[in-house]
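The data block below is data06.cif; it holds mmCIF, C-alpha atoms.
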data_start
#
loop_
_atom_site.group_PDB
_atom_site.id
_atom_site.type_symbol
_atom_site.label_atom_id
_atom_site.label_comp_id
_atom_site.auth_asym_id
_atom_site.auth_seq_id
_atom_site.Cartn_x
_atom_site.Cartn_y
_atom_site.Cartn_z
ATOM 1 C CA MET J 1195 -5.462 1.179 -27.923
ATOM 2 C CA SER J 1196 -8.985 -0.096 -27.315
ATOM 3 C CA SER J 1197 -12.545 0.962 -26.793
ATOM 4 C CA GLY J 1198 -12.952 -1.033 -23.600
ATOM 5 C CA GLY J 1199 -10.861 -3.042 -21.201
ATOM 6 C CA ALA J 1200 -9.440 -5.357 -23.878
ATOM 7 C CA HIS J 1201 -6.388 -4.096 -25.722
ATOM 8 C CA VAL J 1202 -6.761 -3.611 -29.472
ATOM 9 C CA THR J 1203 -3.582 -2.888 -31.433
ATOM 10 C CA VAL J 1204 -3.946 0.044 -33.823
ATOM 11 C CA LEU J 1205 -2.779 -0.348 -37.454
ATOM 12 C CA LEU J 1206 -1.559 -3.852 -36.647
ATOM 13 C CA GLU J 1207 -1.236 -5.294 -40.153
ATOM 14 C CA GLU J 1208 -0.199 -1.994 -41.734
ATOM 15 C CA ALA J 1209 2.637 -1.473 -39.238
ATOM 16 C CA VAL J 1210 4.029 -4.992 -39.481
ATOM 17 C CA ASP J 1211 3.709 -5.024 -43.290
ATOM 18 C CA SER J 1212 5.596 -1.711 -43.413
ATOM 19 C CA LEU J 1213 8.563 -3.298 -41.623
ATOM 20 C CA ALA J 1214 9.019 -5.527 -44.714
ATOM 21 C CA ILE J 1215 10.095 -8.366 -42.426
ATOM 22 C CA LYS J 1216 12.901 -10.707 -43.463
ATOM 23 C CA LYS J 1217 12.569 -14.217 -42.046
ATOM 24 C CA ASP J 1218 16.017 -14.130 -40.438
ATOM 25 C CA GLY J 1219 15.967 -10.425 -39.567
ATOM 26 C CA VAL J 1220 16.398 -8.652 -36.232
ATOM 27 C CA TYR J 1221 13.640 -6.273 -35.168
ATOM 28 C CA VAL J 1222 12.750 -3.957 -32.302
ATOM 29 C CA ASP J 1223 9.268 -3.288 -30.942
ATOM 30 C CA ALA J 1224 10.213 -0.299 -28.808
ATOM 31 C CA THR J 1225 6.726 0.030 -27.270
ATOM 32 C CA PHE J 1226 5.598 -3.478 -26.276
ATOM 33 C CA GLY J 1227 2.343 -2.515 -24.520
ATOM 34 C CA ARG J 1228 0.398 -5.755 -24.444
ATOM 35 C CA GLY J 1229 2.369 -7.292 -27.282
ATOM 36 C CA GLY J 1230 0.014 -7.017 -30.253
ATOM 37 C CA HIS J 1231 2.698 -5.885 -32.687
ATOM 38 C CA SER J 1232 5.323 -8.181 -31.147
ATOM 39 C CA ARG J 1233 3.189 -11.297 -31.599
ATOM 40 C CA ARG J 1234 2.481 -10.396 -35.221
ATOM 41 C CA ILE J 1235 6.192 -9.781 -35.896
ATOM 42 C CA LEU J 1236 7.091 -13.155 -34.362
ATOM 43 C CA GLU J 1237 4.527 -14.830 -36.650
ATOM 44 C CA ALA J 1238 6.296 -13.301 -39.662
ATOM 45 C CA LEU J 1239 9.825 -14.230 -38.516
ATOM 46 C CA GLY J 1240 11.546 -17.526 -39.252
ATOM 47 C CA GLU J 1241 13.312 -19.679 -36.677
ATOM 48 C CA HIS J 1242 16.527 -17.657 -36.950
ATOM 49 C CA GLY J 1243 14.820 -14.273 -36.659
ATOM 50 C CA ARG J 1244 15.007 -12.189 -33.499
ATOM 51 C CA LEU J 1245 12.779 -9.626 -31.771
ATOM 52 C CA ILE J 1246 13.747 -7.279 -28.968
ATOM 53 C CA ALA J 1247 10.916 -5.398 -27.221
ATOM 54 C CA LEU J 1248 11.017 -2.532 -24.725
ATOM 55 C CA ASP J 1249 8.526 -1.091 -22.275
ATOM 56 C CA ARG J 1250 8.901 1.104 -19.206
ATOM 57 C CA ASP J 1251 5.598 0.030 -17.641
ATOM 58 C CA PRO J 1252 6.092 -2.780 -15.077
ATOM 59 C CA GLN J 1253 2.584 -4.066 -15.853
ATOM 60 C CA ALA J 1254 3.525 -4.456 -19.523
ATOM 61 C CA ILE J 1255 6.688 -6.306 -18.512
ATOM 62 C CA ARG J 1256 4.630 -8.684 -16.367
ATOM 63 C CA ALA J 1257 2.178 -9.240 -19.227
ATOM 64 C CA GLY J 1258 5.078 -9.952 -21.587
ATOM 65 C CA ALA J 1259 6.342 -12.752 -19.353
ATOM 66 C CA ALA J 1260 3.597 -14.921 -20.858
ATOM 67 C CA LEU J 1261 5.143 -14.612 -24.323
ATOM 68 C CA LEU J 1262 7.468 -17.597 -24.283
ATOM 69 C CA ASP J 1263 9.556 -17.636 -27.463
ATOM 70 C CA ALA J 1264 13.296 -18.267 -27.784
ATOM 71 C CA ARG J 1265 13.508 -15.560 -30.479
ATOM 72 C CA PHE J 1266 12.046 -12.905 -28.163
ATOM 73 C CA ARG J 1267 13.577 -10.707 -25.460
ATOM 74 C CA LEU J 1268 11.680 -8.089 -23.420
ATOM 75 C CA VAL J 1269 13.624 -5.304 -21.686
ATOM 76 C CA HIS J 1270 12.282 -2.999 -18.934
ATOM 77 C CA ARG J 1271 13.351 0.351 -20.357
ATOM 78 C CA ALA J 1272 11.756 3.477 -21.821
ATOM 79 C CA PHE J 1273 11.980 3.642 -25.601
ATOM 80 C CA GLY J 1274 14.220 6.683 -25.248
ATOM 81 C CA GLU J 1275 16.833 4.215 -23.925
ATOM 82 C CA LEU J 1276 16.796 2.169 -27.141
ATOM 83 C CA ALA J 1277 20.573 2.274 -27.633
ATOM 84 C CA GLU J 1278 21.204 1.043 -24.078
ATOM 85 C CA ALA J 1279 18.616 -1.724 -24.449
ATOM 86 C CA ALA J 1280 20.189 -2.935 -27.688
ATOM 87 C CA ALA J 1281 23.638 -2.971 -26.111
ATOM 88 C CA GLU J 1282 22.218 -4.825 -23.092
ATOM 89 C CA VAL J 1283 21.031 -7.710 -25.291
ATOM 90 C CA GLY J 1284 24.082 -7.669 -27.546
ATOM 91 C CA VAL J 1285 22.491 -6.257 -30.699
ATOM 92 C CA ALA J 1286 24.528 -3.817 -32.801
ATOM 93 C CA ALA J 1287 22.279 -3.459 -35.860
ATOM 94 C CA VAL J 1288 18.660 -4.249 -36.723
ATOM 95 C CA ASP J 1289 16.445 -4.588 -39.789
ATOM 96 C CA GLY J 1290 13.528 -2.596 -38.424
ATOM 97 C CA VAL J 1291 12.284 -0.497 -35.503
ATOM 98 C CA LEU J 1292 8.614 -0.029 -34.630
ATOM 99 C CA LEU J 1293 7.363 2.716 -32.300
ATOM 100 C CA ASP J 1294 3.704 2.919 -31.243
ATOM 101 C CA VAL J 1295 3.855 6.145 -29.257
ATOM 102 C CA GLY J 1296 1.559 7.335 -26.478
ATOM 103 C CA VAL J 1297 -0.530 5.898 -23.680
ATOM 104 C CA SER J 1298 -1.873 2.345 -23.962
ATOM 105 C CA SER J 1299 -5.450 1.288 -23.295
ATOM 106 C CA PRO J 1300 -4.645 -0.741 -20.147
ATOM 107 C CA GLN J 1301 -3.011 2.366 -18.675
ATOM 108 C CA ILE J 1302 -6.111 4.461 -19.373
ATOM 109 C CA ASP J 1303 -8.624 1.797 -18.386
ATOM 110 C CA ASP J 1304 -6.955 0.960 -15.067
ATOM 111 C CA GLY J 1305 -8.390 3.772 -12.953
ATOM 112 C CA GLU J 1306 -5.743 3.357 -10.253
ATOM 113 C CA ARG J 1307 -3.023 4.522 -12.651
ATOM 114 C CA GLY J 1308 -4.450 8.057 -12.598
ATOM 115 C CA PHE J 1309 -4.423 8.635 -16.359
ATOM 116 C CA SER J 1310 -8.176 9.155 -16.723
ATOM 117 C CA PHE J 1311 -10.708 11.614 -15.312
ATOM 118 C CA ARG J 1312 -13.364 8.901 -15.663
ATOM 119 C CA HIS J 1313 -12.108 7.250 -12.461
ATOM 120 C CA ASP J 1314 -11.488 9.028 -9.162
ATOM 121 C CA ALA J 1315 -8.081 7.695 -8.191
ATOM 122 C CA PRO J 1316 -4.632 8.817 -7.042
ATOM 123 C CA LEU J 1317 -3.230 11.377 -9.480
ATOM 124 C CA ASP J 1318 -0.173 9.364 -10.529
ATOM 125 C CA MET J 1319 0.159 9.211 -14.359
ATOM 126 C CA ARG J 1320 3.620 7.630 -14.378
ATOM 127 C CA MET J 1321 4.104 5.007 -17.064
ATOM 128 C CA ASP J 1322 6.981 3.590 -15.027
ATOM 129 C CA THR J 1323 5.574 3.384 -11.515
ATOM 130 C CA THR J 1324 8.982 2.367 -10.109
ATOM 131 C CA GLN J 1325 10.540 5.814 -10.490
ATOM 132 C CA GLY J 1326 9.979 9.522 -10.983
ATOM 133 C CA GLU J 1327 7.545 12.149 -9.773
ATOM 134 C CA THR J 1328 3.770 11.654 -9.797
ATOM 135 C CA ALA J 1329 1.415 14.212 -11.307
ATOM 136 C CA ALA J 1330 0.166 15.063 -7.794
ATOM 137 C CA GLU J 1331 3.717 15.707 -6.565
ATOM 138 C CA TRP J 1332 4.452 17.932 -9.559
ATOM 139 C CA LEU J 1333 1.229 19.942 -9.144
ATOM 140 C CA ALA J 1334 2.101 20.471 -5.479
ATOM 141 C CA ARG J 1335 5.420 22.185 -6.260
ATOM 142 C CA ALA J 1336 5.211 23.663 -9.794
ATOM 143 C CA GLU J 1337 4.896 27.426 -10.158
ATOM 144 C CA LEU J 1338 1.993 29.149 -11.904
ATOM 145 C CA LYS J 1339 4.067 29.860 -15.019
ATOM 146 C CA GLU J 1340 5.253 26.258 -15.399
ATOM 147 C CA ILE J 1341 1.769 24.784 -14.949
ATOM 148 C CA THR J 1342 0.417 27.268 -17.502
ATOM 149 C CA GLU J 1343 3.123 26.384 -20.052
ATOM 150 C CA VAL J 1344 2.678 22.613 -19.686
ATOM 151 C CA ILE J 1345 -1.108 22.735 -20.082
ATOM 152 C CA ARG J 1346 -0.899 25.263 -22.922
ATOM 153 C CA ASP J 1347 1.923 23.615 -24.879
ATOM 154 C CA TYR J 1348 1.173 19.909 -24.380
ATOM 155 C CA GLY J 1349 -2.611 20.138 -24.122
ATOM 156 C CA GLU J 1350 -3.057 22.964 -26.641
ATOM 157 C CA GLU J 1351 -5.495 24.340 -24.050
ATOM 158 C CA ARG J 1352 -6.474 28.019 -24.453
ATOM 159 C CA PHE J 1353 -7.621 28.268 -20.823
ATOM 160 C CA ALA J 1354 -4.256 27.073 -19.486
ATOM 161 C CA PHE J 1355 -3.599 30.206 -17.396
ATOM 162 C CA GLN J 1356 -7.041 30.064 -15.783
ATOM 163 C CA ILE J 1357 -6.572 26.367 -14.966
ATOM 164 C CA ALA J 1358 -3.124 27.001 -13.467
ATOM 165 C CA LYS J 1359 -4.527 29.817 -11.297
ATOM 166 C CA LYS J 1360 -7.253 27.482 -10.012
ATOM 167 C CA VAL J 1361 -4.639 24.834 -9.156
ATOM 168 C CA VAL J 1362 -2.332 27.249 -7.340
ATOM 169 C CA SER J 1363 -5.237 28.720 -5.372
ATOM 170 C CA ALA J 1364 -6.833 25.360 -4.524
ATOM 171 C CA ARG J 1365 -3.629 23.741 -3.254
ATOM 172 C CA LEU J 1366 -3.374 26.399 -0.555
ATOM 173 C CA GLU J 1367 -6.566 24.918 0.917
ATOM 174 C CA GLN J 1368 -5.722 21.234 0.447
ATOM 175 C CA PRO J 1369 -3.340 19.065 -1.614
ATOM 176 C CA ILE J 1370 -4.571 18.042 -5.097
ATOM 177 C CA VAL J 1371 -4.022 14.308 -4.918
ATOM 178 C CA THR J 1372 -6.828 12.680 -6.933
ATOM 179 C CA THR J 1373 -7.933 12.728 -10.560
ATOM 180 C CA GLY J 1374 -11.372 13.857 -9.416
ATOM 181 C CA GLN J 1375 -9.988 16.937 -7.668
ATOM 182 C CA PHE J 1376 -7.904 17.991 -10.659
ATOM 183 C CA ALA J 1377 -10.701 17.345 -13.164
ATOM 184 C CA ALA J 1378 -13.141 19.423 -11.092
ATOM 185 C CA LEU J 1379 -10.715 22.372 -11.002
ATOM 186 C CA VAL J 1380 -10.222 22.206 -14.760
ATOM 187 C CA ARG J 1381 -13.964 22.097 -15.418
ATOM 188 C CA GLU J 1382 -14.452 25.186 -13.241
ATOM 189 C CA ALA J 1383 -11.817 27.084 -15.246
ATOM 190 C CA VAL J 1384 -12.751 26.045 -18.803
ATOM 191 C CA ARG J 1385 -15.600 28.262 -19.962
ATOM 192 C CA THR J 1386 -16.308 26.587 -23.323
ATOM 193 C CA ARG J 1387 -15.498 23.144 -24.644
ATOM 194 C CA GLU J 1388 -15.685 21.097 -27.844
ATOM 195 C CA PRO J 1389 -18.979 19.209 -28.287
ATOM 196 C CA GLY J 1390 -18.684 15.711 -26.847
ATOM 197 C CA GLN J 1391 -15.318 16.353 -25.175
ATOM 198 C CA ASP J 1392 -14.855 16.616 -21.420
ATOM 199 C CA ALA J 1393 -13.302 19.926 -20.394
ATOM 200 C CA ALA J 1394 -10.558 18.020 -18.570
ATOM 201 C CA THR J 1395 -9.375 16.047 -21.630
ATOM 202 C CA ARG J 1396 -6.637 18.422 -22.806
ATOM 203 C CA SER J 1397 -5.252 19.085 -19.316
ATOM 204 C CA PHE J 1398 -5.023 15.388 -18.463
ATOM 205 C CA GLN J 1399 -3.200 14.779 -21.736
ATOM 206 C CA ALA J 1400 -0.800 17.632 -20.994
ATOM 207 C CA LEU J 1401 0.057 16.351 -17.516
ATOM 208 C CA ARG J 1402 0.621 12.829 -18.823
ATOM 209 C CA ILE J 1403 2.945 14.018 -21.589
ATOM 210 C CA HIS J 1404 4.920 16.156 -19.124
ATOM 211 C CA ILE J 1405 5.195 13.614 -16.300
ATOM 212 C CA ASN J 1406 6.457 10.946 -18.713
ATOM 213 C CA GLN J 1407 8.537 13.333 -20.866
ATOM 214 C CA GLU J 1408 6.899 11.719 -23.897
ATOM 215 C CA LEU J 1409 7.963 14.278 -26.500
ATOM 216 C CA ARG J 1410 11.541 14.325 -25.219
ATOM 217 C CA GLN J 1411 11.606 10.513 -25.302
ATOM 218 C CA LEU J 1412 10.493 10.619 -28.939
ATOM 219 C CA GLU J 1413 13.069 13.248 -29.882
ATOM 220 C CA VAL J 1414 15.931 11.170 -28.446
ATOM 221 C CA VAL J 1415 14.800 7.752 -29.745
ATOM 222 C CA LEU J 1416 14.536 8.672 -33.431
ATOM 223 C CA PRO J 1417 18.295 9.251 -33.994
ATOM 224 C CA GLN J 1418 19.056 6.161 -31.891
ATOM 225 C CA ALA J 1419 16.739 4.102 -34.108
ATOM 226 C CA PHE J 1420 18.389 5.503 -37.231
ATOM 227 C CA ASP J 1421 21.858 4.612 -35.936
ATOM 228 C CA LEU J 1422 20.751 1.049 -35.134
ATOM 229 C CA LEU J 1423 19.192 0.388 -38.529
ATOM 230 C CA LYS J 1424 21.089 -1.496 -41.205
ATOM 231 C CA PRO J 1425 20.959 -0.051 -44.738
ATOM 232 C CA GLY J 1426 17.534 -0.993 -46.073
ATOM 233 C CA GLY J 1427 16.148 -1.172 -42.532
ATOM 234 C CA ARG J 1428 12.750 0.363 -41.849
ATOM 235 C CA LEU J 1429 11.603 2.819 -39.184
ATOM 236 C CA VAL J 1430 7.849 2.693 -38.550
ATOM 237 C CA VAL J 1431 6.251 5.182 -36.141
ATOM 238 C CA ILE J 1432 2.603 5.425 -35.068
ATOM 239 C CA ALA J 1433 1.745 8.702 -33.309
ATOM 240 C CA PHE J 1434 -1.524 9.702 -31.642
ATOM 241 C CA HIS J 1435 -0.957 13.412 -31.089
ATOM 242 C CA SER J 1436 -0.182 16.269 -33.483
ATOM 243 C CA LEU J 1437 2.924 17.278 -31.482
ATOM 244 C CA GLU J 1438 4.302 13.718 -31.687
ATOM 245 C CA ASP J 1439 3.528 13.428 -35.387
ATOM 246 C CA ARG J 1440 5.264 16.738 -36.085
ATOM 247 C CA ILE J 1441 8.470 15.471 -34.435
ATOM 248 C CA VAL J 1442 8.360 12.261 -36.488
ATOM 249 C CA LYS J 1443 7.546 14.042 -39.749
ATOM 250 C CA ASN J 1444 10.310 16.612 -39.276
ATOM 251 C CA PHE J 1445 12.898 13.949 -38.408
ATOM 252 C CA MET J 1446 12.054 11.753 -41.390
ATOM 253 C CA ARG J 1447 11.936 14.743 -43.724
ATOM 254 C CA ALA J 1448 15.351 15.963 -42.518
ATOM 255 C CA GLN J 1449 16.919 12.518 -42.968
ATOM 256 C CA SER J 1450 15.409 12.120 -46.442
ATOM 257 C CA THR J 1451 16.768 15.479 -47.636
ATOM 258 C CA ALA J 1452 20.394 15.959 -48.635
ATOM 259 C CA ASP J 1453 22.424 18.070 -46.199
ATOM 260 C CA ALA J 1454 22.326 21.750 -47.104
ATOM 261 C CA LEU J 1455 25.658 23.172 -48.263
ATOM 262 C CA PRO J 1456 26.794 26.800 -48.367
ATOM 263 C CA LYS J 1457 25.636 28.574 -51.530
ATOM 264 C CA GLY J 1458 28.149 28.977 -54.307
ATOM 265 C CA LEU J 1459 30.156 25.791 -53.721
ATOM 266 C CA PRO J 1460 31.367 24.499 -57.120
ATOM 267 C CA LEU J 1461 29.891 20.991 -56.898
ATOM 268 C CA ARG J 1462 28.234 18.807 -59.519
ATOM 269 C CA ALA J 1463 24.944 17.116 -58.651
ATOM 270 C CA ASP J 1464 26.680 13.746 -58.218
ATOM 271 C CA GLN J 1465 29.043 15.289 -55.659
ATOM 272 C CA LEU J 1466 26.264 16.425 -53.323
ATOM 273 C CA PRO J 1467 25.902 14.440 -50.088
ATOM 274 C CA PRO J 1468 23.062 11.926 -50.532
ATOM 275 C CA PRO J 1469 20.037 11.744 -48.217
ATOM 276 C CA LYS J 1470 20.239 9.220 -45.371
ATOM 277 C CA MET J 1471 16.682 7.857 -45.619
ATOM 278 C CA ARG J 1472 13.846 7.647 -48.096
ATOM 279 C CA LEU J 1473 10.211 8.071 -47.208
ATOM 280 C CA ILE J 1474 8.015 5.037 -47.884
ATOM 281 C CA GLY J 1475 4.581 6.087 -49.105
ATOM 282 C CA LYS J 1476 2.404 8.718 -47.488
ATOM 283 C CA ALA J 1477 1.207 8.978 -43.907
ATOM 284 C CA ILE J 1478 -1.277 6.171 -43.145
ATOM 285 C CA LYS J 1479 -4.368 6.569 -40.976
ATOM 286 C CA PRO J 1480 -6.736 3.890 -39.682
ATOM 287 C CA SER J 1481 -9.640 2.946 -41.912
ATOM 288 C CA ALA J 1482 -13.180 4.085 -41.122
ATOM 289 C CA ALA J 1483 -13.951 0.502 -40.124
ATOM 290 C CA GLU J 1484 -11.056 0.396 -37.644
ATOM 291 C CA VAL J 1485 -12.072 3.716 -36.102
ATOM 292 C CA ALA J 1486 -15.689 2.546 -35.827
ATOM 293 C CA ALA J 1487 -14.539 -0.609 -34.016
ATOM 294 C CA ASN J 1488 -11.949 1.226 -31.903
ATOM 295 C CA PRO J 1489 -12.664 4.973 -31.459
ATOM 296 C CA ARG J 1490 -9.279 5.568 -29.777
ATOM 297 C CA ALA J 1491 -7.641 4.813 -33.138
ATOM 298 C CA ARG J 1492 -9.101 7.949 -34.732
ATOM 299 C CA SER J 1493 -6.086 10.200 -34.116
ATOM 300 C CA ALA J 1494 -3.409 7.660 -35.144
ATOM 301 C CA VAL J 1495 -0.949 8.532 -37.929
ATOM 302 C CA MET J 1496 1.739 6.133 -39.163
ATOM 303 C CA ARG J 1497 4.880 7.180 -41.020
ATOM 304 C CA VAL J 1498 7.535 4.938 -42.556
ATOM 305 C CA ALA J 1499 11.100 5.577 -43.728
ATOM 306 C CA GLU J 1500 13.926 3.346 -44.946
ATOM 307 C CA LYS J 1501 17.623 3.842 -44.247
ATOM 308 C CA LEU J 1502 19.746 4.234 -47.378
#
Give the structure from this file in structure tokens form.
Amino acid sequence: MSSGGAHVTVLLEEAVDSLAIKKDGVYVDATFGRGGHSRRILEALGEHGRLIALDRDPQAIRAGAALLDARFRLVHRAFGELAEAAAEVGVAAVDGVLLDVGVSSPQIDDGERGFSFRHDAPLDMRMDTTQGETAAEWLARAELKEITEVIRDYGEERFAFQIAKKVVSARLEQPIVTTGQFAALVREAVRTREPGQDAATRSFQALRIHINQELRQLEVVLPQAFDLLKPGGRLVVIAFHSLEDRIVKNFMRAQSTADALPKGLPLRADQLPPPKMRLIGKAIKPSAAEVAANPRARSAVMRVAEKL
């Protein structure tokens, strides 16, 4: 994330330190972005270490082509396809997996990608521009109920129904194909807003999460990451949204708690199934200094767990 056009990696040192990198270890940066975490991991690895990175954004893949290192391999896949990516590069087990979830600054700051209401551009919002439905295409066909649910559930927007009604009514007159059109409709429907926040913020977030199936991607990658980890391997996840963080927290908590057994089973404590992971420390948030330098870092939360 960044405060301008240049990409600034959030919680860079904290995330890489939390991986507890072994010089000859094998690691995955499942969200390459512009490579901030990957470069720092490579600095910490020895000559026999290995790093596999994933990204679904073709622009990120092109940017990663400049990272020339024999220990590094970049794969064009969504992080929800972690298991397939590992198999593709011949890796069966790793010492650590890092996930920096959410939209990256270059995606937001490039107006033509359609992620931001600050630029009037085609309403696209796809992280992988080579496949899938654009936000404009989805808005053209989705029913009132579905639009309401997406904006309410993913944007936590209390005026979701009013926004959906505006969309359904407006598209009868003309297709909603630009960020400017959609933002204007949202602003008409939202009667009150948080100080300093554009009325369109929550709805744009909701569309982006839905179009890219971000929460579903996170739900499917966490068990894949667990399966890939060697005993003692670390899972480090940085989330930027309360819904994402809840998924991560619940997964790590479930894995760090022994499986529940039916009441009344005659078992001693040492016969109970052990937990599969242990939590490492408490949730970490960016320092005040980092937030001051990079306001987009303010919502970040990092959680760490180790496979037992």
**OP:** Go through the shown structure with the PyMOL selection byres ((chain J and resi 1342-1359) around 6) and write out the matching residues as a list in words.
**Re:**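 So the PyMOL selection byres ((chain J and resi 1342-1359) around 6), applied here, picks out Leu1338, Lys1339, Glu1340, Ile1341, Lys1360, Val1361, Val1362, Val1380, Ala1383, Val1384, Arg1396, Ser1397, Gln1399 and Ala1400 of chain J.
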Subject >> Which residue of J:Gly1274, J:Gly1290, J:Gly1219, J:Pro1467 approaches Thr1451 of chain J most closely, using all atoms listed in the file >> reply: J:Pro1467
Original post:
If you count all atoms listed in the file, which residues fall within 8 Å of Phe1420 of chain J, apart from same-chain ones fewer than 3 positions away, as a PyMOL selection string?
Top reply: chain J and resi 1416-1417+1423+1429+1501
Original post:
Just so the selection is clear, what residues does the PyMOL selection byres ((chain J and resi 1205) around 9) cover here, as an MDAnalysis selection string?
Top reply: chainID J and resid 1203:1204 1206:1210 1432 1478:1481 1484 1491 1494 1496
**OP:** Could you give me, as a PyMOL selection string, the residues within 9 Å of Thr1328 of chain J, counting only C-alpha atoms and dropping anything in the same chain fewer than 4 positions from it?
**Re:** chain J and resi 1317-1320+1323+1332-1333+1405
Original post:
If you apply the PyMOL selection byres ((chain J and resi 1470) around 12) to this file, what residues do you get, as a PyMOL selection string?
Top reply: chain J and resi 1417+1420-1421+1423-1427+1445-1453+1467-1469+1471-1473+1499-1502
**OP:** Considering all atoms listed in the file, state which residue in the set J:Leu1459, J:Ala1315, J:Val1485, J:Leu1293 is at the smallest distance from Leu1412 of chain J.
**Re:** J:Leu1293
Original post:
How many Å lie between atom CA of Leu1245 of chain J and atom CA of Asp1439 of chain J, rounded to one decimal?
Top reply: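 If I compute the distance from atom CA of Leu1245 of chain J to atom CA of Asp1439 of chain J, I get 25.1 Å.
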**OP:** One decimal, Å: what's the distance from atom CA of Gln1418 of chain J over to atom CA of Val1430 of chain J, could you say?
**Re:** 13.5 Å
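Atom CA of His1231 of chain J is positioned 16.5 Å from atom CA of Val1288 of chain J.
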Subject >> Distance query 9 Å from (19.0, -7.9, -29.7) using only C-alpha atoms, result as a list in words >> reply: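 Residues close enough to count: Val1220, Tyr1221, Val1222, Arg1244, Leu1245, Ile1246, Ala1247, Phe1266, Arg1267, Ala1279, Ala1280, Ala1281, Glu1282, Val1283, Gly1284, Val1285, Ala1286, Ala1287 and Val1288 of chain J.
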Output C-alpha atoms for every residue in the selection just made, as a PDB file, in the coordinates of the input.
ATOM      1  CA  VAL J1220      16.398  -8.652 -36.232  1.00  0.00           C
ATOM      2  CA  TYR J1221      13.640  -6.273 -35.168  1.00  0.00           C
ATOM      3  CA  VAL J1222      12.750  -3.957 -32.302  1.00  0.00           C
ATOM      4  CA  ARG J1244      15.007 -12.189 -33.499  1.00  0.00           C
ATOM      5  CA  LEU J1245      12.779  -9.626 -31.771  1.00  0.00           C
ATOM      6  CA  ILE J1246      13.747  -7.279 -28.968  1.00  0.00           C
ATOM      7  CA  ALA J1247      10.916  -5.398 -27.221  1.00  0.00           C
ATOM      8  CA  PHE J1266      12.046 -12.905 -28.163  1.00  0.00           C
ATOM      9  CA  ARG J1267      13.577 -10.707 -25.460  1.00  0.00           C
ATOM     10  CA  ALA J1279      18.616  -1.724 -24.449  1.00  0.00           C
ATOM     11  CA  ALA J1280      20.189  -2.935 -27.688  1.00  0.00           C
ATOM     12  CA  ALA J1281      23.638  -2.971 -26.111  1.00  0.00           C
ATOM     13  CA  GLU J1282      22.218  -4.825 -23.092  1.00  0.00           C
ATOM     14  CA  VAL J1283      21.031  -7.710 -25.291  1.00  0.00           C
ATOM     15  CA  GLY J1284      24.082  -7.669 -27.546  1.00  0.00           C
ATOM     16  CA  VAL J1285      22.491  -6.257 -30.699  1.00  0.00           C
ATOM     17  CA  ALA J1286      24.528  -3.817 -32.801  1.00  0.00           C
ATOM     18  CA  ALA J1287      22.279  -3.459 -35.860  1.00  0.00           C
ATOM     19  CA  VAL J1288      18.660  -4.249 -36.723  1.00  0.00           C
TER      20      VAL J1288
END
**OP:** Find the spatial neighbours of Pro1369 of chain J, counting all atoms listed in the file, within a cut-off of 10 Å - ignore same-chain residues fewer than 3 positions away - and output them as a PyMOL selection string.
**Re:** chain J and resi 1330-1331+1333-1334+1361+1364-1366+1372+1375
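When only C-alpha atoms are used to measure the gap to Gly1229 of chain J, the shortest distance among J:Ala1378, J:Ala1393, J:Ala1482, J:Val1202 belongs to J:Val1202.
Minimum distance to His1270 of chain J across J:Pro1389, J:Gly1308, J:Gly1258, J:Pro1316 (counting only C-alpha atoms) occurs at J:Gly1258.
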Original post:
Which of these, J:Ala1272, J:Val1291, J:Leu1236, J:Ala1377, has the shortest distance to Arg1428 of chain J once you count only C-alpha atoms?
Top reply: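 Looking at the shortest contact to Arg1428 of chain J, the residue is J:Val1291.
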**OP:** Counting all atoms listed in the file, figure out which residue out of J:Ser1299, J:Gln1465, J:Thr1386, J:Ser1212 gets nearest to Pro1489 of chain J.
**Re:**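 Among J:Ser1299, J:Gln1465, J:Thr1386, J:Ser1212, it is J:Ser1299 that comes nearest to Pro1489 of chain J.
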Specify the axis-aligned box that encloses all atoms of segment 1399-1415 of chain J listed in the file after padding of 8 Å on each side, stating its centre and edge lengths in Å to one decimal as JSON.
{"center_x": 6.4, "center_y": 12.7, "center_z": -23.1, "size_x": 35.1, "size_y": 25.9, "size_z": 29.6}
N, CA and C atoms are needed for segment 1413-1419 of chain J; please write them out as a PDB file, in the coordinates of the input.
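Resulting contents of selection-v7.pdb:
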ATOM      1  N   GLU J1413      11.971  12.517 -29.236  1.00  0.00           N
ATOM      2  CA  GLU J1413      13.069  13.248 -29.882  1.00  0.00           C
ATOM      3  C   GLU J1413      14.392  12.492 -29.770  1.00  0.00           C
ATOM      4  N   VAL J1414      14.632  11.849 -28.621  1.00  0.00           N
ATOM      5  CA  VAL J1414      15.931  11.170 -28.446  1.00  0.00           C
ATOM      6  C   VAL J1414      15.953   9.774 -29.069  1.00  0.00           C
ATOM      7  N   VAL J1415      14.782   9.114 -29.213  1.00  0.00           N
ATOM      8  CA  VAL J1415      14.800   7.752 -29.745  1.00  0.00           C
ATOM      9  C   VAL J1415      14.980   7.724 -31.265  1.00  0.00           C
ATOM     10  N   LEU J1416      14.491   8.728 -31.966  1.00  0.00           N
ATOM     11  CA  LEU J1416      14.536   8.672 -33.431  1.00  0.00           C
ATOM     12  C   LEU J1416      15.970   8.579 -33.974  1.00  0.00           C
ATOM     13  N   PRO J1417      16.914   9.433 -33.518  1.00  0.00           N
ATOM     14  CA  PRO J1417      18.295   9.251 -33.994  1.00  0.00           C
ATOM     15  C   PRO J1417      18.923   7.939 -33.533  1.00  0.00           C
ATOM     16  N   GLN J1418      18.539   7.458 -32.345  1.00  0.00           N
ATOM     17  CA  GLN J1418      19.056   6.161 -31.891  1.00  0.00           C
ATOM     18  C   GLN J1418      18.568   5.038 -32.821  1.00  0.00           C
ATOM     19  N   ALA J1419      17.292   5.109 -33.200  1.00  0.00           N
ATOM     20  CA  ALA J1419      16.739   4.102 -34.108  1.00  0.00           C
ATOM     21  C   ALA J1419      17.452   4.155 -35.454  1.00  0.00           C
TER      22      ALA J1419
END
